[in-house]
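Participant: Sharing input.cif below, mmCIF, N, CA and C atoms:
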```
data_final
#
loop_
_atom_site.label_atom_id
_atom_site.label_comp_id
_atom_site.auth_asym_id
_atom_site.auth_seq_id
_atom_site.Cartn_x
_atom_site.Cartn_y
_atom_site.Cartn_z
N MET A 17 149.49 120.90 114.51
CA MET A 17 149.78 121.40 113.19
C MET A 17 150.75 120.48 112.46
N TYR A 18 151.83 120.12 113.12
CA TYR A 18 152.81 119.21 112.53
C TYR A 18 152.84 117.93 113.35
N ASP A 19 152.15 116.91 112.87
CA ASP A 19 152.12 115.63 113.57
C ASP A 19 153.18 114.67 113.06
N GLU A 20 153.54 114.82 111.80
CA GLU A 20 154.50 113.92 111.15
C GLU A 20 155.57 114.77 110.48
N ILE A 21 156.82 114.63 110.92
CA ILE A 21 157.93 115.44 110.42
C ILE A 21 158.96 114.53 109.77
N LEU A 22 159.33 114.86 108.53
CA LEU A 22 160.31 114.06 107.79
C LEU A 22 161.66 114.76 107.80
N VAL A 23 162.69 114.00 108.17
CA VAL A 23 164.07 114.47 108.12
C VAL A 23 164.83 113.55 107.17
N PRO A 24 165.01 113.95 105.91
CA PRO A 24 165.85 113.16 105.02
C PRO A 24 167.30 113.30 105.48
N THR A 25 168.04 112.23 105.38
CA THR A 25 169.44 112.27 105.81
C THR A 25 170.33 111.63 104.76
N ASP A 26 171.51 112.23 104.60
CA ASP A 26 172.54 111.62 103.76
C ASP A 26 173.72 111.20 104.63
N GLY A 27 173.54 111.33 105.94
CA GLY A 27 174.60 110.93 106.86
C GLY A 27 175.65 111.99 107.08
N SER A 28 175.50 113.17 106.47
CA SER A 28 176.50 114.22 106.61
C SER A 28 176.24 115.04 107.87
N GLU A 29 177.23 115.86 108.24
CA GLU A 29 177.10 116.70 109.42
C GLU A 29 176.03 117.77 109.24
N ALA A 30 175.75 118.16 108.02
CA ALA A 30 174.74 119.19 107.76
C ALA A 30 173.36 118.75 108.26
N VAL A 31 173.12 117.46 108.30
CA VAL A 31 171.84 116.95 108.77
C VAL A 31 171.64 117.31 110.24
N ASP A 32 172.71 117.40 111.01
CA ASP A 32 172.59 117.72 112.43
C ASP A 32 171.89 119.05 112.66
N ARG A 33 172.20 120.05 111.83
CA ARG A 33 171.55 121.36 111.97
C ARG A 33 170.05 121.26 111.68
N ALA A 34 169.71 120.56 110.63
CA ALA A 34 168.29 120.37 110.31
C ALA A 34 167.60 119.55 111.39
N LEU A 35 168.30 118.56 111.90
CA LEU A 35 167.74 117.70 112.93
C LEU A 35 167.42 118.47 114.20
N ASP A 36 168.29 119.39 114.58
CA ASP A 36 168.02 120.22 115.76
C ASP A 36 166.68 120.95 115.61
N HIS A 37 166.44 121.52 114.44
CA HIS A 37 165.19 122.23 114.19
C HIS A 37 164.00 121.27 114.15
N ALA A 38 164.19 120.12 113.54
CA ALA A 38 163.11 119.13 113.46
C ALA A 38 162.73 118.63 114.86
N ILE A 39 163.72 118.41 115.70
CA ILE A 39 163.44 117.96 117.06
C ILE A 39 162.69 119.04 117.84
N ARG A 40 163.11 120.28 117.66
CA ARG A 40 162.40 121.38 118.33
C ARG A 40 160.95 121.44 117.87
N LEU A 41 160.72 121.34 116.56
CA LEU A 41 159.35 121.32 116.03
C LEU A 41 158.58 120.12 116.57
N GLY A 42 159.24 118.97 116.55
CA GLY A 42 158.59 117.75 117.02
C GLY A 42 158.20 117.83 118.49
N THR A 43 159.07 118.41 119.29
CA THR A 43 158.79 118.56 120.71
C THR A 43 157.64 119.53 120.93
N ASP A 44 157.65 120.63 120.20
CA ASP A 44 156.58 121.63 120.33
C ASP A 44 155.22 121.09 119.92
N HIS A 45 155.20 120.16 118.98
CA HIS A 45 153.93 119.66 118.44
C HIS A 45 153.65 118.21 118.81
N ASP A 46 154.47 117.63 119.68
CA ASP A 46 154.32 116.22 120.06
C ASP A 46 154.19 115.34 118.81
N ALA A 47 155.13 115.51 117.89
CA ALA A 47 155.08 114.87 116.57
C ALA A 47 155.94 113.60 116.53
N THR A 48 155.69 112.83 115.50
CA THR A 48 156.54 111.69 115.18
C THR A 48 157.56 112.15 114.15
N LEU A 49 158.81 111.81 114.37
CA LEU A 49 159.88 112.15 113.44
C LEU A 49 160.15 110.95 112.53
N HIS A 50 160.25 111.20 111.25
CA HIS A 50 160.56 110.16 110.27
C HIS A 50 161.96 110.44 109.72
N ALA A 51 162.83 109.46 109.79
CA ALA A 51 164.18 109.57 109.23
C ALA A 51 164.22 108.74 107.95
N LEU A 52 164.66 109.36 106.86
CA LEU A 52 164.69 108.68 105.56
C LEU A 52 166.05 108.85 104.91
N TYR A 53 166.61 107.73 104.48
CA TYR A 53 167.84 107.72 103.68
C TYR A 53 167.50 107.05 102.37
N VAL A 54 168.00 107.62 101.27
CA VAL A 54 167.73 107.04 99.95
C VAL A 54 169.04 106.54 99.35
N VAL A 55 169.07 105.25 99.06
CA VAL A 55 170.18 104.66 98.31
C VAL A 55 169.97 105.10 96.87
N ASP A 56 170.86 105.93 96.39
CA ASP A 56 170.70 106.55 95.07
C ASP A 56 170.89 105.52 93.96
N GLN A 57 169.83 105.26 93.22
CA GLN A 57 169.88 104.24 92.15
C GLN A 57 170.84 104.62 91.04
N ARG A 58 171.13 105.92 90.91
CA ARG A 58 172.08 106.35 89.87
C ARG A 58 173.48 105.84 90.21
N VAL A 59 173.78 105.78 91.49
CA VAL A 59 175.09 105.28 91.94
C VAL A 59 175.12 103.76 91.78
N THR A 60 174.07 103.09 92.20
CA THR A 60 174.07 101.63 92.13
C THR A 60 174.01 101.14 90.69
N THR A 61 173.29 101.85 89.83
CA THR A 61 173.22 101.48 88.42
C THR A 61 174.57 101.66 87.74
N ALA A 62 175.27 102.73 88.09
CA ALA A 62 176.59 102.99 87.51
C ALA A 62 177.60 101.91 87.92
N ASN A 63 177.34 101.24 89.02
CA ASN A 63 178.22 100.18 89.50
C ASN A 63 177.54 98.83 89.31
N SER A 64 177.21 98.52 88.09
CA SER A 64 176.45 97.30 87.82
C SER A 64 177.33 96.08 87.53
N GLY A 65 178.62 96.22 87.69
CA GLY A 65 179.53 95.12 87.41
C GLY A 65 179.67 94.17 88.58
N ASP A 66 180.85 93.62 88.73
CA ASP A 66 181.13 92.61 89.75
C ASP A 66 180.92 93.13 91.17
N LEU A 67 181.09 94.41 91.36
CA LEU A 67 180.98 94.98 92.70
C LEU A 67 179.59 95.51 93.03
N HIS A 68 178.62 95.30 92.16
CA HIS A 68 177.29 95.86 92.34
C HIS A 68 176.70 95.53 93.72
N GLU A 69 176.66 94.27 94.06
CA GLU A 69 176.05 93.86 95.33
C GLU A 69 176.80 94.44 96.52
N GLU A 70 178.12 94.53 96.40
CA GLU A 70 178.92 95.11 97.48
C GLU A 70 178.63 96.60 97.64
N VAL A 71 178.49 97.31 96.53
CA VAL A 71 178.18 98.74 96.57
C VAL A 71 176.80 98.96 97.19
N VAL A 72 175.81 98.19 96.76
CA VAL A 72 174.46 98.31 97.31
C VAL A 72 174.47 98.04 98.80
N ALA A 73 175.14 96.97 99.21
CA ALA A 73 175.20 96.63 100.64
C ALA A 73 175.89 97.73 101.45
N ASP A 74 176.94 98.31 100.90
CA ASP A 74 177.65 99.38 101.60
C ASP A 74 176.75 100.61 101.74
N LEU A 75 176.06 100.98 100.68
CA LEU A 75 175.16 102.13 100.75
C LEU A 75 173.99 101.89 101.70
N GLU A 76 173.47 100.67 101.70
CA GLU A 76 172.39 100.34 102.64
C GLU A 76 172.88 100.43 104.08
N SER A 77 174.10 99.96 104.32
CA SER A 77 174.69 100.04 105.65
C SER A 77 174.88 101.50 106.08
N GLN A 78 175.37 102.33 105.16
CA GLN A 78 175.51 103.76 105.46
C GLN A 78 174.14 104.36 105.77
N GLY A 79 173.14 103.94 105.02
CA GLY A 79 171.79 104.44 105.23
C GLY A 79 171.24 104.07 106.60
N GLU A 80 171.45 102.81 106.98
CA GLU A 80 170.99 102.36 108.30
C GLU A 80 171.66 103.16 109.41
N SER A 81 172.97 103.40 109.26
CA SER A 81 173.69 104.20 110.26
C SER A 81 173.15 105.62 110.31
N ALA A 82 172.85 106.18 109.15
CA ALA A 82 172.36 107.56 109.08
C ALA A 82 170.98 107.70 109.74
N VAL A 83 170.06 106.79 109.43
CA VAL A 83 168.73 106.89 110.05
C VAL A 83 168.77 106.54 111.53
N ASP A 84 169.67 105.64 111.91
CA ASP A 84 169.82 105.32 113.33
C ASP A 84 170.32 106.53 114.12
N ALA A 85 171.22 107.31 113.54
CA ALA A 85 171.72 108.51 114.22
C ALA A 85 170.59 109.52 114.43
N VAL A 86 169.75 109.69 113.43
CA VAL A 86 168.60 110.58 113.56
C VAL A 86 167.64 110.03 114.62
N ALA A 87 167.39 108.73 114.57
CA ALA A 87 166.47 108.11 115.52
C ALA A 87 166.98 108.22 116.95
N ASP A 88 168.27 108.04 117.15
CA ASP A 88 168.84 108.15 118.50
C ASP A 88 168.63 109.56 119.06
N ALA A 89 168.91 110.57 118.25
CA ALA A 89 168.75 111.96 118.71
C ALA A 89 167.29 112.27 119.01
N ALA A 90 166.39 111.82 118.16
CA ALA A 90 164.97 112.08 118.37
C ALA A 90 164.45 111.33 119.59
N SER A 91 164.89 110.10 119.77
CA SER A 91 164.47 109.31 120.93
C SER A 91 164.95 109.95 122.23
N GLU A 92 166.18 110.47 122.22
CA GLU A 92 166.70 111.15 123.40
C GLU A 92 165.84 112.35 123.77
N ALA A 93 165.22 112.97 122.77
CA ALA A 93 164.37 114.13 123.01
C ALA A 93 162.94 113.71 123.37
N GLY A 94 162.70 112.41 123.42
CA GLY A 94 161.39 111.90 123.81
C GLY A 94 160.39 111.79 122.68
N LEU A 95 160.87 111.85 121.44
CA LEU A 95 159.97 111.77 120.29
C LEU A 95 159.83 110.34 119.79
N ASP A 96 158.67 110.04 119.24
CA ASP A 96 158.49 108.78 118.51
C ASP A 96 159.20 108.92 117.18
N VAL A 97 159.79 107.81 116.70
CA VAL A 97 160.58 107.86 115.48
C VAL A 97 160.25 106.67 114.59
N GLU A 98 160.24 106.93 113.30
CA GLU A 98 160.16 105.88 112.30
C GLU A 98 161.35 106.05 111.37
N THR A 99 161.99 104.94 111.01
CA THR A 99 163.13 105.01 110.10
C THR A 99 162.83 104.21 108.84
N HIS A 100 163.45 104.67 107.75
CA HIS A 100 163.23 103.99 106.48
C HIS A 100 164.43 104.21 105.57
N VAL A 101 164.87 103.15 104.92
CA VAL A 101 165.90 103.24 103.88
C VAL A 101 165.23 102.82 102.58
N ALA A 102 165.24 103.75 101.62
CA ALA A 102 164.59 103.51 100.33
C ALA A 102 165.64 103.43 99.23
N HIS A 103 165.23 102.96 98.08
CA HIS A 103 166.07 102.91 96.88
C HIS A 103 165.40 103.73 95.79
N GLY A 104 166.18 104.56 95.10
CA GLY A 104 165.63 105.35 94.01
C GLY A 104 166.42 106.63 93.82
N THR A 105 165.77 107.63 93.25
CA THR A 105 166.37 108.95 93.08
C THR A 105 165.98 109.76 94.32
N PRO A 106 166.97 110.32 95.04
CA PRO A 106 166.68 110.92 96.34
C PRO A 106 165.50 111.90 96.37
N ASP A 107 165.48 112.90 95.50
CA ASP A 107 164.39 113.88 95.58
C ASP A 107 163.03 113.24 95.32
N THR A 108 162.96 112.34 94.37
CA THR A 108 161.70 111.67 94.06
C THR A 108 161.24 110.82 95.23
N GLU A 109 162.14 110.07 95.82
CA GLU A 109 161.78 109.20 96.95
C GLU A 109 161.35 110.01 98.17
N ILE A 110 162.00 111.15 98.41
CA ILE A 110 161.64 111.99 99.55
C ILE A 110 160.22 112.51 99.38
N VAL A 111 159.91 113.02 98.20
CA VAL A 111 158.57 113.56 97.94
C VAL A 111 157.53 112.45 98.01
N GLU A 112 157.82 111.29 97.43
CA GLU A 112 156.87 110.17 97.46
C GLU A 112 156.65 109.69 98.88
N TYR A 113 157.73 109.58 99.67
CA TYR A 113 157.59 109.15 101.06
C TYR A 113 156.72 110.13 101.83
N ALA A 114 156.94 111.42 101.61
CA ALA A 114 156.14 112.44 102.30
C ALA A 114 154.66 112.29 101.95
N ASP A 115 154.36 112.09 100.68
CA ASP A 115 152.97 111.93 100.25
C ASP A 115 152.34 110.66 100.81
N GLU A 116 153.06 109.56 100.75
CA GLU A 116 152.51 108.27 101.16
C GLU A 116 152.42 108.11 102.67
N SER A 117 153.23 108.86 103.42
CA SER A 117 153.28 108.69 104.88
C SER A 117 152.54 109.79 105.64
N GLY A 118 151.85 110.65 104.95
CA GLY A 118 151.10 111.70 105.62
C GLY A 118 151.98 112.71 106.33
N ILE A 119 153.14 112.99 105.75
CA ILE A 119 154.08 113.94 106.34
C ILE A 119 153.49 115.35 106.26
N ASP A 120 153.65 116.12 107.35
CA ASP A 120 153.14 117.49 107.41
C ASP A 120 154.19 118.52 107.04
N VAL A 121 155.46 118.21 107.25
CA VAL A 121 156.54 119.13 106.94
C VAL A 121 157.83 118.34 106.75
N ILE A 122 158.68 118.81 105.85
CA ILE A 122 159.99 118.22 105.60
C ILE A 122 161.02 119.22 106.10
N VAL A 123 161.96 118.75 106.91
CA VAL A 123 163.03 119.61 107.43
C VAL A 123 164.35 119.02 106.95
N MET A 124 165.09 119.81 106.16
CA MET A 124 166.33 119.30 105.61
C MET A 124 167.33 120.43 105.41
N SER A 125 168.55 120.06 105.17
CA SER A 125 169.61 121.02 104.91
C SER A 125 169.88 121.08 103.41
N PRO A 126 170.08 122.30 102.88
CA PRO A 126 170.43 122.38 101.46
C PRO A 126 171.89 122.04 101.21
N GLU A 127 172.62 121.83 102.29
CA GLU A 127 174.03 121.46 102.18
C GLU A 127 174.15 120.02 102.63
N GLY A 128 175.27 119.43 102.36
CA GLY A 128 175.47 118.06 102.80
C GLY A 128 176.56 117.41 102.00
N LYS A 129 176.21 117.08 100.80
CA LYS A 129 177.21 116.50 99.93
C LYS A 129 178.24 117.55 99.55
N SER A 130 179.41 117.09 99.15
CA SER A 130 180.45 118.02 98.74
C SER A 130 180.06 118.70 97.42
N PRO A 131 180.68 119.84 97.08
CA PRO A 131 180.35 120.50 95.81
C PRO A 131 180.53 119.57 94.62
N ARG A 132 181.54 118.74 94.66
CA ARG A 132 181.76 117.80 93.55
C ARG A 132 180.59 116.83 93.43
N GLU A 133 180.11 116.31 94.56
CA GLU A 133 178.98 115.39 94.53
C GLU A 133 177.72 116.09 94.06
N ARG A 134 177.53 117.36 94.43
CA ARG A 134 176.35 118.10 93.99
C ARG A 134 176.38 118.31 92.48
N ILE A 135 177.56 118.57 91.91
CA ILE A 135 177.67 118.73 90.46
C ILE A 135 177.32 117.42 89.77
N ARG A 136 177.82 116.32 90.31
CA ARG A 136 177.53 115.02 89.70
C ARG A 136 176.05 114.68 89.77
N SER A 137 175.37 115.13 90.81
CA SER A 137 173.95 114.80 90.93
C SER A 137 173.06 115.84 90.24
N LEU A 138 173.69 116.76 89.50
CA LEU A 138 172.98 117.74 88.67
C LEU A 138 172.06 118.64 89.50
N GLY A 139 172.62 119.21 90.55
CA GLY A 139 171.86 120.16 91.33
C GLY A 139 171.56 119.66 92.72
N SER A 140 170.85 120.46 93.40
CA SER A 140 170.56 120.20 94.79
C SER A 140 169.29 119.37 94.97
N VAL A 141 169.40 118.32 95.74
CA VAL A 141 168.24 117.51 96.08
C VAL A 141 167.22 118.37 96.80
N SER A 142 167.69 119.20 97.72
CA SER A 142 166.76 120.03 98.50
C SER A 142 165.99 121.01 97.60
N ASP A 143 166.63 121.55 96.57
CA ASP A 143 165.93 122.44 95.65
C ASP A 143 164.80 121.71 94.93
N ARG A 144 165.08 120.51 94.48
CA ARG A 144 164.05 119.73 93.78
C ARG A 144 162.93 119.31 94.72
N VAL A 145 163.28 118.96 95.97
CA VAL A 145 162.24 118.60 96.94
C VAL A 145 161.36 119.82 97.21
N ALA A 146 161.98 120.97 97.44
CA ALA A 146 161.20 122.19 97.71
C ALA A 146 160.27 122.52 96.55
N ASP A 147 160.72 122.27 95.32
CA ASP A 147 159.89 122.55 94.15
C ASP A 147 158.73 121.56 94.01
N ASP A 148 158.96 120.30 94.36
CA ASP A 148 158.00 119.25 94.06
C ASP A 148 157.11 118.82 95.23
N ALA A 149 157.50 119.12 96.44
CA ALA A 149 156.75 118.64 97.62
C ALA A 149 155.39 119.32 97.72
N SER A 150 154.43 118.57 98.22
CA SER A 150 153.08 119.12 98.42
C SER A 150 152.90 119.64 99.84
N VAL A 151 153.97 119.57 100.65
CA VAL A 151 153.93 120.07 102.03
C VAL A 151 155.05 121.09 102.20
N PRO A 152 155.01 121.88 103.27
CA PRO A 152 156.09 122.84 103.50
C PRO A 152 157.43 122.13 103.64
N VAL A 153 158.47 122.80 103.16
CA VAL A 153 159.85 122.30 103.27
C VAL A 153 160.66 123.39 103.95
N PHE A 154 161.21 123.06 105.12
CA PHE A 154 162.09 123.98 105.82
C PHE A 154 163.51 123.63 105.45
N LEU A 155 164.22 124.58 104.83
CA LEU A 155 165.62 124.37 104.48
C LEU A 155 166.46 125.09 105.51
N ILE A 156 167.25 124.33 106.26
CA ILE A 156 168.04 124.86 107.35
C ILE A 156 169.48 124.92 106.91
N LYS A 157 170.04 126.15 106.82
CA LYS A 157 171.43 126.31 106.40
C LYS A 157 172.35 126.15 107.58
#
```
What is this file in structure tokens?
Facilitator:
Amino acid sequence: MYDEILVPTDGSEAVDRALDHAIRLGTDHDATLHALYVVDQRVTTANSGDLHEEVVADLESQGESAVDAVADAASEAGLDVETHVAHGTPDTEIVEYADESGIDVIVMSPEGKSPRERIRSLGSVSDRVADDASVPVFLIK
């Protein structure tokens, strides 16, 4: 039923709760787990001055660490894993990745970023993903 499972990550501790559920689903269905981090273009565009390249490199590094953490946990559970760091608007990139990669279900946490960061990003990424995704979205609190 679920052969391809997507776990978007922002590197926060909230991802761990979603990851536990995704690993359980993946183990039950012998699925491949996909870890996705999105470098938010709104952040990189806002920092278009002298520090632009440094900001992008730092966010990419955070992204690599975040997907590696997901991959390590999934590998320990015996699951196949694919990792990807994308650039764009997080909710849009998550939905596009799911469509393009044949994802069967998205497992994510509606929490993660601080309340201040959620206000700046004009709402919840998970809410927009749940509204726009063409596959089931499990929101793990």
Participant: Report as a list in words all protein, DNA and RNA residues lying within 6 Å of region 110-122 of chain A, evaluated on only N, CA and C atoms, omitting residues in the same chain fewer than 2 positions from it.
Facilitator: Tyr18, Asp19, Glu20, Ile21, Leu22, Val23, Thr105, Pro106, Asp107, Thr108, Met124, Ala149, Val151, Pro152, Val153 and Phe154 of chain A
Participant: Can you list every residue in region 34-157 of chain A that DSSP puts in strand (DSSP E or B), as a PDB file with N, CA and C atoms, in the coordinates of the input?
Facilitator:
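The result, stored in out.pdb:
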```pdb
ATOM      1  N   THR A  48     155.690 112.830 115.500  1.00  0.00           N
ATOM      2  CA  THR A  48     156.540 111.690 115.180  1.00  0.00           C
ATOM      3  C   THR A  48     157.560 112.150 114.150  1.00  0.00           C
ATOM      4  N   LEU A  49     158.810 111.810 114.370  1.00  0.00           N
ATOM      5  CA  LEU A  49     159.880 112.150 113.440  1.00  0.00           C
ATOM      6  C   LEU A  49     160.150 110.950 112.530  1.00  0.00           C
ATOM      7  N   HIS A  50     160.250 111.200 111.250  1.00  0.00           N
ATOM      8  CA  HIS A  50     160.560 110.160 110.270  1.00  0.00           C
ATOM      9  C   HIS A  50     161.960 110.440 109.720  1.00  0.00           C
ATOM     10  N   ALA A  51     162.830 109.460 109.790  1.00  0.00           N
ATOM     11  CA  ALA A  51     164.180 109.570 109.230  1.00  0.00           C
ATOM     12  C   ALA A  51     164.220 108.740 107.950  1.00  0.00           C
ATOM     13  N   LEU A  52     164.660 109.360 106.860  1.00  0.00           N
ATOM     14  CA  LEU A  52     164.690 108.680 105.560  1.00  0.00           C
ATOM     15  C   LEU A  52     166.050 108.850 104.910  1.00  0.00           C
ATOM     16  N   TYR A  53     166.610 107.730 104.480  1.00  0.00           N
ATOM     17  CA  TYR A  53     167.840 107.720 103.680  1.00  0.00           C
ATOM     18  C   TYR A  53     167.500 107.050 102.370  1.00  0.00           C
ATOM     19  N   VAL A  54     168.000 107.620 101.270  1.00  0.00           N
ATOM     20  CA  VAL A  54     167.730 107.040  99.950  1.00  0.00           C
ATOM     21  C   VAL A  54     169.040 106.540  99.350  1.00  0.00           C
ATOM     22  N   VAL A  55     169.070 105.250  99.060  1.00  0.00           N
ATOM     23  CA  VAL A  55     170.180 104.660  98.310  1.00  0.00           C
ATOM     24  C   VAL A  55     169.970 105.100  96.870  1.00  0.00           C
ATOM     25  N   ASP A  56     170.860 105.930  96.390  1.00  0.00           N
ATOM     26  CA  ASP A  56     170.700 106.550  95.070  1.00  0.00           C
ATOM     27  C   ASP A  56     170.890 105.520  93.960  1.00  0.00           C
ATOM     28  N   ASP A  96     158.670 110.040 119.240  1.00  0.00           N
ATOM     29  CA  ASP A  96     158.490 108.780 118.510  1.00  0.00           C
ATOM     30  C   ASP A  96     159.200 108.920 117.180  1.00  0.00           C
ATOM     31  N   VAL A  97     159.790 107.810 116.700  1.00  0.00           N
ATOM     32  CA  VAL A  97     160.580 107.860 115.480  1.00  0.00           C
ATOM     33  C   VAL A  97     160.250 106.670 114.590  1.00  0.00           C
ATOM     34  N   GLU A  98     160.240 106.930 113.300  1.00  0.00           N
ATOM     35  CA  GLU A  98     160.160 105.880 112.300  1.00  0.00           C
ATOM     36  C   GLU A  98     161.350 106.050 111.370  1.00  0.00           C
ATOM     37  N   THR A  99     161.990 104.940 111.010  1.00  0.00           N
ATOM     38  CA  THR A  99     163.130 105.010 110.100  1.00  0.00           C
ATOM     39  C   THR A  99     162.830 104.210 108.840  1.00  0.00           C
ATOM     40  N   HIS A 100     163.450 104.670 107.750  1.00  0.00           N
ATOM     41  CA  HIS A 100     163.230 103.990 106.480  1.00  0.00           C
ATOM     42  C   HIS A 100     164.430 104.210 105.570  1.00  0.00           C
ATOM     43  N   VAL A 101     164.870 103.150 104.920  1.00  0.00           N
ATOM     44  CA  VAL A 101     165.900 103.240 103.880  1.00  0.00           C
ATOM     45  C   VAL A 101     165.230 102.820 102.580  1.00  0.00           C
ATOM     46  N   ALA A 102     165.240 103.750 101.620  1.00  0.00           N
ATOM     47  CA  ALA A 102     164.590 103.510 100.330  1.00  0.00           C
ATOM     48  C   ALA A 102     165.640 103.430  99.230  1.00  0.00           C
ATOM     49  N   HIS A 103     165.230 102.960  98.080  1.00  0.00           N
ATOM     50  CA  HIS A 103     166.070 102.910  96.880  1.00  0.00           C
ATOM     51  C   HIS A 103     165.400 103.730  95.790  1.00  0.00           C
ATOM     52  N   GLY A 104     166.180 104.560  95.100  1.00  0.00           N
ATOM     53  CA  GLY A 104     165.630 105.350  94.010  1.00  0.00           C
ATOM     54  C   GLY A 104     166.420 106.630  93.820  1.00  0.00           C
ATOM     55  N   VAL A 121     155.460 118.210 107.250  1.00  0.00           N
ATOM     56  CA  VAL A 121     156.540 119.130 106.940  1.00  0.00           C
ATOM     57  C   VAL A 121     157.830 118.340 106.750  1.00  0.00           C
ATOM     58  N   ILE A 122     158.680 118.810 105.850  1.00  0.00           N
ATOM     59  CA  ILE A 122     159.990 118.220 105.600  1.00  0.00           C
ATOM     60  C   ILE A 122     161.020 119.220 106.100  1.00  0.00           C
ATOM     61  N   VAL A 123     161.960 118.750 106.910  1.00  0.00           N
ATOM     62  CA  VAL A 123     163.030 119.610 107.430  1.00  0.00           C
ATOM     63  C   VAL A 123     164.350 119.020 106.950  1.00  0.00           C
ATOM     64  N   MET A 124     165.090 119.810 106.160  1.00  0.00           N
ATOM     65  CA  MET A 124     166.330 119.300 105.610  1.00  0.00           C
ATOM     66  C   MET A 124     167.330 120.430 105.410  1.00  0.00           C
ATOM     67  N   VAL A 153     158.470 122.800 103.160  1.00  0.00           N
ATOM     68  CA  VAL A 153     159.850 122.300 103.270  1.00  0.00           C
ATOM     69  C   VAL A 153     160.660 123.390 103.950  1.00  0.00           C
ATOM     70  N   PHE A 154     161.210 123.060 105.120  1.00  0.00           N
ATOM     71  CA  PHE A 154     162.090 123.980 105.820  1.00  0.00           C
ATOM     72  C   PHE A 154     163.510 123.630 105.450  1.00  0.00           C
ATOM     73  N   LEU A 155     164.220 124.580 104.830  1.00  0.00           N
ATOM     74  CA  LEU A 155     165.620 124.370 104.480  1.00  0.00           C
ATOM     75  C   LEU A 155     166.460 125.090 105.510  1.00  0.00           C
TER      76      LEU A 155
END
```
Participant: Per residue of region 91-121 of chain A within 9 Å of region 25-47 of chain A, what are the shortest atom pair and its distance in Å to one decimal, counting only C-alpha atoms, with rows by chain and residue number, as a Markdown table?
Facilitator:
```
| residue | atom | partner | partner_atom | distance |
| --- | --- | --- | --- | --- |
| A:Ala93 | CA | A:Ile39 | CA | 7.1 |
| A:Gly94 | CA | A:Thr43 | CA | 7.8 |
| A:Leu95 | CA | A:Ala47 | CA | 6.9 |
| A:Asp96 | CA | A:Ala47 | CA | 7.2 |
| A:Val97 | CA | A:Ala47 | CA | 9.0 |
```
Participant: Please write the residues from the selection above to a file, keeping N, CA and C atoms, as a PDB file, in the coordinates of the input.
Facilitator:
```pdb
ATOM      1  N   ALA A  93     165.220 112.970 122.770  1.00  0.00           N
ATOM      2  CA  ALA A  93     164.370 114.130 123.010  1.00  0.00           C
ATOM      3  C   ALA A  93     162.940 113.710 123.370  1.00  0.00           C
ATOM      4  N   GLY A  94     162.700 112.410 123.420  1.00  0.00           N
ATOM      5  CA  GLY A  94     161.390 111.900 123.810  1.00  0.00           C
ATOM      6  C   GLY A  94     160.390 111.790 122.680  1.00  0.00           C
ATOM      7  N   LEU A  95     160.870 111.850 121.440  1.00  0.00           N
ATOM      8  CA  LEU A  95     159.970 111.770 120.290  1.00  0.00           C
ATOM      9  C   LEU A  95     159.830 110.340 119.790  1.00  0.00           C
ATOM     10  N   ASP A  96     158.670 110.040 119.240  1.00  0.00           N
ATOM     11  CA  ASP A  96     158.490 108.780 118.510  1.00  0.00           C
ATOM     12  C   ASP A  96     159.200 108.920 117.180  1.00  0.00           C
ATOM     13  N   VAL A  97     159.790 107.810 116.700  1.00  0.00           N
ATOM     14  CA  VAL A  97     160.580 107.860 115.480  1.00  0.00           C
ATOM     15  C   VAL A  97     160.250 106.670 114.590  1.00  0.00           C
TER      16      VAL A  97
END
```
Participant: Calculated over all atoms listed in the file, which of the candidates A:Glu127, A:Gly104, A:Pro24, A:Gln78 has the smallest distance to Ala51 (chain A)?
Facilitator: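 Looking at the shortest contact to Ala51 (chain A), the residue is A:Pro24.
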Participant: Out of region 32-133 of chain A, which residues get alpha helix (DSSP H) from DSSP, as a ChimeraX atom specification?
Facilitator: /A:32-45,57-62,68-92,106-116,131-133
Participant: Work out how far atom C of Met17 (chain A) is from atom C of His103 (chain A), in Å to one decimal.
Facilitator: 27.8 Å
Participant: Taking only C-alpha atoms into account, name the residue in A:Asp147, A:Glu98, A:Asp66, A:Asp88 that is nearest to His50 (chain A).
Facilitator: A:Glu98
Participant: Give me, as a PyMOL selection string, all polymer residues having an atom no more than 7 Å from Thr60 (chain A), counting only C-alpha atoms and skipping those fewer than 5 positions away in the same chain.
Facilitator: chain A and resi 68+71-72
Participant: At what distance in Å, to one decimal, does atom N of Val86 (chain A) lie from atom C of Leu49 (chain A)?
Facilitator: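 Computed distance, atom C of Leu49 (chain A) to atom N of Val86 (chain A), equals 9.7 Å.
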Participant: What is the distance, in Å and to one decimal place, between CA of Glu109 (chain A) and CA of Val54 (chain A)?
Facilitator: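 Pair CA of Glu109 (chain A) / CA of Val54 (chain A) returns 7.0 Å.
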